[in-house]
Each structure stands twice: as structure tokens, then as C-alpha cells.
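Enquirer: Take a look at this one; I'll ask things after.
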Amino acid sequence: MNTTRIIAIAAAATVALATSAQARDQIRIVGSSTVFPFSTTVAEQFGKTSDFKTPVVESTGSGGGLKLFCSGVGVQYPDITNASRRIKQSEVDLCAKNGVSKITEVKIGFDGIVLANAKSADQMKITLKQLFLALAKSVPANADGSKLQANPYKMWSDIDPSLPKKKIEVLGPPPTSGTRDAFVELAMEGGCKQFSAIKSIRKSEKNKYKAICHGIREDGGFVEAGENDVLIIQKLVANPNAFGIFGFSFLDSNADKVQGSSINGTAPEFDSIADGKYPVSRSMFFYVKNAHVGVVPGIREYVSEFTAEKAWGPDGYLADKGLIPLPDMDRKKTAESAQSFTPLSM
């Protein structure tokens, strides 16, 4: 699609949005289940302390949220989407194709991805390499990974005698989830590339490398449990032999029920995620549709609330929910960019 066509679509959509603005006087937010509790907390605070209605926040997963967000301009489409990974170039292109030409990116802080189980069970200590061997679809059949086999491991102890003599059963997010994206990139790939023969094909055979390192087993050892992290926690409490994958914020807010596993000798804690020692940590974002600012009431003010020190600062109310804040200078720069709605450039 040529540039003239994109501009024409954007202009028509903006006119349609402006003429139908009264159809919606409430901000609509979709996206990541991990960012959901932070966004919901800001939305509730915003509704209590401003003259605007409390925004509607839906947990659709990062990929699902960006798909909805990029579908077009107009009150039938979301104003903001949350993401537990950065927007992909393909999603930026989809937005542009549908007239969403200007987007503001707001990096809100950091989160860790945890492998957790019920507090009534023993706490797991595991390495990234062992975690890859437990959950990969195909695993090395020899020491360097030059030969592969379908994952034969049924018990954790089959991988290493130091691990529990229990069936491998991990509840995790679906492919539409940003948590899933980050988990395969940070945890699975982190363990996979420790096999020299696999690591050696990283540049020359990218698709093969990704298929090996990002492929999750489908034989019951890994169970897709949807986007509802609260439900995963309930299932872990009911089944102390199972493990779940979700964001640190949910671990932190449910510390009376579940515990995080130590990975590569580091526990998932606020400080270890903030300083990068915990190996499975990632950035979190939300994206604003600039064409909706000033048309759907309250977007500008919501963004200001979210990026205020009282919310996302080290002593802000989001820290109480488990948000790991950006460094001071990064927070200041991001707040300025967010509040001026500087368009994303990739």
C-alpha cells in the first residue's frame, strides 16, 4: 500500500472518529495479562481522582491486544494496548496499513517471568539448560546438540537427579501472550544456546535455530492455560506437583499461595530483577493511538497519571503491585515523550 493511500485512510478514519466520538466517553484498553494489574490499578485511581470515567481494561494477551489496536482508527477500536514485549515491525506495518499511523510507545518498567509452584511443595532450584530440556519439543540426543530427538523426559529427575522425582507438568501462556514470547526468548533460548552445535547455527540457519530453541513440547508436559494468570495460581494451589509460568507481579501479589523457583542460582525478587541478575526478566510497555487523543475523553490525563512519580516511581503505588521501575533518568525521559505523545519511530 502506497503512502498516499495510507494517509487517505488515516484522514478518513480520523474524521469518522471525530464525528462519532460521543459514541464512547470511556477509554478502552486491551492487551497483556502481565501489564493488566498495573493498568487496572492506574485506571481505578484515575476514575477516583479525576472527572473522567474509569477506563475499561481487558486482558487479551500482548499479541491479541496489538492485533485489535492495529485494526483501525475509530471508537470501535481500542485506544491503548498493553504489551509485555516491544511491538514488532510487522505489527507497526499492520497498524499503518489500517490507518493507525502515529503511535506513542511508553516503556513502564520491568518484570520477571517466574516458574512457580504451590507454597505447600518444595521450592525448585533449576538452571536455564535444565528448563529447556524439560519443556522443549526437541532436545539434544548427545552432548553438543548436533543430534536431536523428541523430548523423552517425563520426570524432572530424568533430566538431572538433583531435580524432583515428579512428573513434568507446567501450566503456561498461549502463543498470543507476551509472557510466552519473552519466556521462549529468555528462558528457552537461554538454555538452548548452551549446546554448542545448536548455538553455532544461530546466524547461518536462523529458522532452524528458532524452531529448536523456541519449540515447546506438545505431549502434555506443557499445558497451555490461557491468559488468566489468576486461574493458573488456583490450579497450582490445587495441584502441588504442577508448576506455572507467569509474571513476577502475580507471584508478588500471591506470595501467600505460591513461590518462585530459583533459576541459575538467583531467586525472582524485586532487587534481582531490577539489577538484571535474575535471568528471565523483560520490559513492559503500553501503546497509545495518537489519533484518539483529544477525541476520546481522558487519554491525555490517563497517560499523565500512569507516568507520574506517584504511580510508577520507586515509592509509587504501582511498586506496591510488583512493578520494577525504570531508572530515574529513563523514567524522566519516557514521561516527557509519553506526555507529549511523541510518535514511535522504528
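In the C-alpha cells, the first chain shown is A, the next is B, and so on; residue numbers restart at 1 for each chain, and ligands run from 1 in the order shown.
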Taking the DSSP assignment computed from this structure's backbone, write out as a PyMOL selection string all residues of region 42-290 of chain A that belong to strand (DSSP E).
Expert: chain A and resi 56-57+80-83+103-118+125-126+138-140+148-150+170-172+222-224+243-247+258-260+262-263+281-289
Enquirer: If you count only C-alpha atoms, which residues fall within 6 Å of region 23-30 of chain A, apart from same-chain ones fewer than 2 positions away, as a PyMOL selection string?
Expert: chain A and resi 20-21+53+55-59+65+78-81+296-297
Enquirer: Could you turn the residues from that selection into a file that holds N, CA and C atoms, as an mmCIF file, in the first residue's frame?
Expert:
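Result file is again28.cif:
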```cif
data_model
loop_
_atom_site.group_PDB
_atom_site.id
_atom_site.type_symbol
_atom_site.label_atom_id
_atom_site.label_comp_id
_atom_site.auth_asym_id
_atom_site.auth_seq_id
_atom_site.Cartn_x
_atom_site.Cartn_y
_atom_site.Cartn_z
ATOM 1 N N SER A 20 -17.955 10.576 15.542
ATOM 2 C CA SER A 20 -18.653 9.566 16.354
ATOM 3 C C SER A 20 -18.112 9.486 17.773
ATOM 4 N N ALA A 21 -17.360 10.525 18.166
ATOM 5 C CA ALA A 21 -16.701 10.499 19.476
ATOM 6 C C ALA A 21 -17.680 10.318 20.620
ATOM 7 N N LYS A 53 -14.533 8.974 33.404
ATOM 8 C CA LYS A 53 -14.969 7.632 33.767
ATOM 9 C C LYS A 53 -13.762 6.705 33.888
ATOM 10 N N PRO A 55 -11.431 3.906 33.001
ATOM 11 C CA PRO A 55 -11.200 3.171 31.752
ATOM 12 C C PRO A 55 -11.555 1.688 31.872
ATOM 13 N N VAL A 56 -11.982 1.109 30.759
ATOM 14 C CA VAL A 56 -12.260 -0.324 30.687
ATOM 15 C C VAL A 56 -10.976 -1.022 30.255
ATOM 16 N N VAL A 57 -10.504 -1.974 31.056
ATOM 17 C CA VAL A 57 -9.261 -2.683 30.753
ATOM 18 C C VAL A 57 -9.560 -4.160 30.542
ATOM 19 N N GLU A 58 -9.137 -4.696 29.396
ATOM 20 C CA GLU A 58 -9.350 -6.107 29.078
ATOM 21 C C GLU A 58 -8.002 -6.816 28.943
ATOM 22 N N SER A 59 -7.945 -8.053 29.436
ATOM 23 C CA SER A 59 -6.746 -8.871 29.315
ATOM 24 C C SER A 59 -6.899 -9.787 28.110
ATOM 25 N N GLY A 65 -3.902 -8.095 21.841
ATOM 26 C CA GLY A 65 -4.172 -6.673 22.048
ATOM 27 C C GLY A 65 -3.647 -5.820 20.918
ATOM 28 N N PRO A 78 -9.703 -0.136 20.124
ATOM 29 C CA PRO A 78 -9.094 0.288 21.394
ATOM 30 C C PRO A 78 -8.236 1.546 21.247
ATOM 31 N N ASP A 79 -8.134 2.274 22.351
ATOM 32 C CA ASP A 79 -7.322 3.493 22.389
ATOM 33 C C ASP A 79 -5.878 3.187 22.783
ATOM 34 N N ILE A 80 -5.734 2.208 23.672
ATOM 35 C CA ILE A 80 -4.435 1.867 24.265
ATOM 36 C C ILE A 80 -4.312 0.346 24.301
ATOM 37 N N THR A 81 -3.099 -0.158 24.086
ATOM 38 C CA THR A 81 -2.869 -1.590 24.285
ATOM 39 C C THR A 81 -1.636 -1.788 25.149
ATOM 40 N N VAL A 296 -11.387 10.819 22.235
ATOM 41 C CA VAL A 296 -11.942 10.011 23.327
ATOM 42 C C VAL A 296 -11.472 10.666 24.625
ATOM 43 N N PRO A 297 -12.388 11.106 25.485
ATOM 44 C CA PRO A 297 -12.017 11.887 26.662
ATOM 45 C C PRO A 297 -11.099 11.146 27.641
#
```
Enquirer: From the set A:Ser177, A:Gln89, A:Gln45, A:Asn151, which residue has the shortest atom-to-atom contact distance to Gly63 (chain A), counting only C-alpha atoms?
Expert: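 Comparing A:Ser177, A:Gln89, A:Gln45, A:Asn151 against Gly63 (chain A), the winner is A:Ser177.
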Enquirer: Taking only C-alpha atoms into account, which of A:Asn82, A:Gln123, A:Ser71, A:Asn117 comes nearest Glu105 (chain A)?
Expert: A:Asn82
Enquirer: Report the distance between CA of Lys102 (chain A) and CA of Phe36 (chain A) in Å, rounded to one decimal place.
Expert: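 A separation of 23.2 Å between them.
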Enquirer: Pick out each residue of region 169-250 of chain A that DSSP on the backbone tags as helix (DSSP H, G or I); I need them as number ranges by chain.
Expert: A: 178-192, 196-199, 206-214, 229-238, 248-250
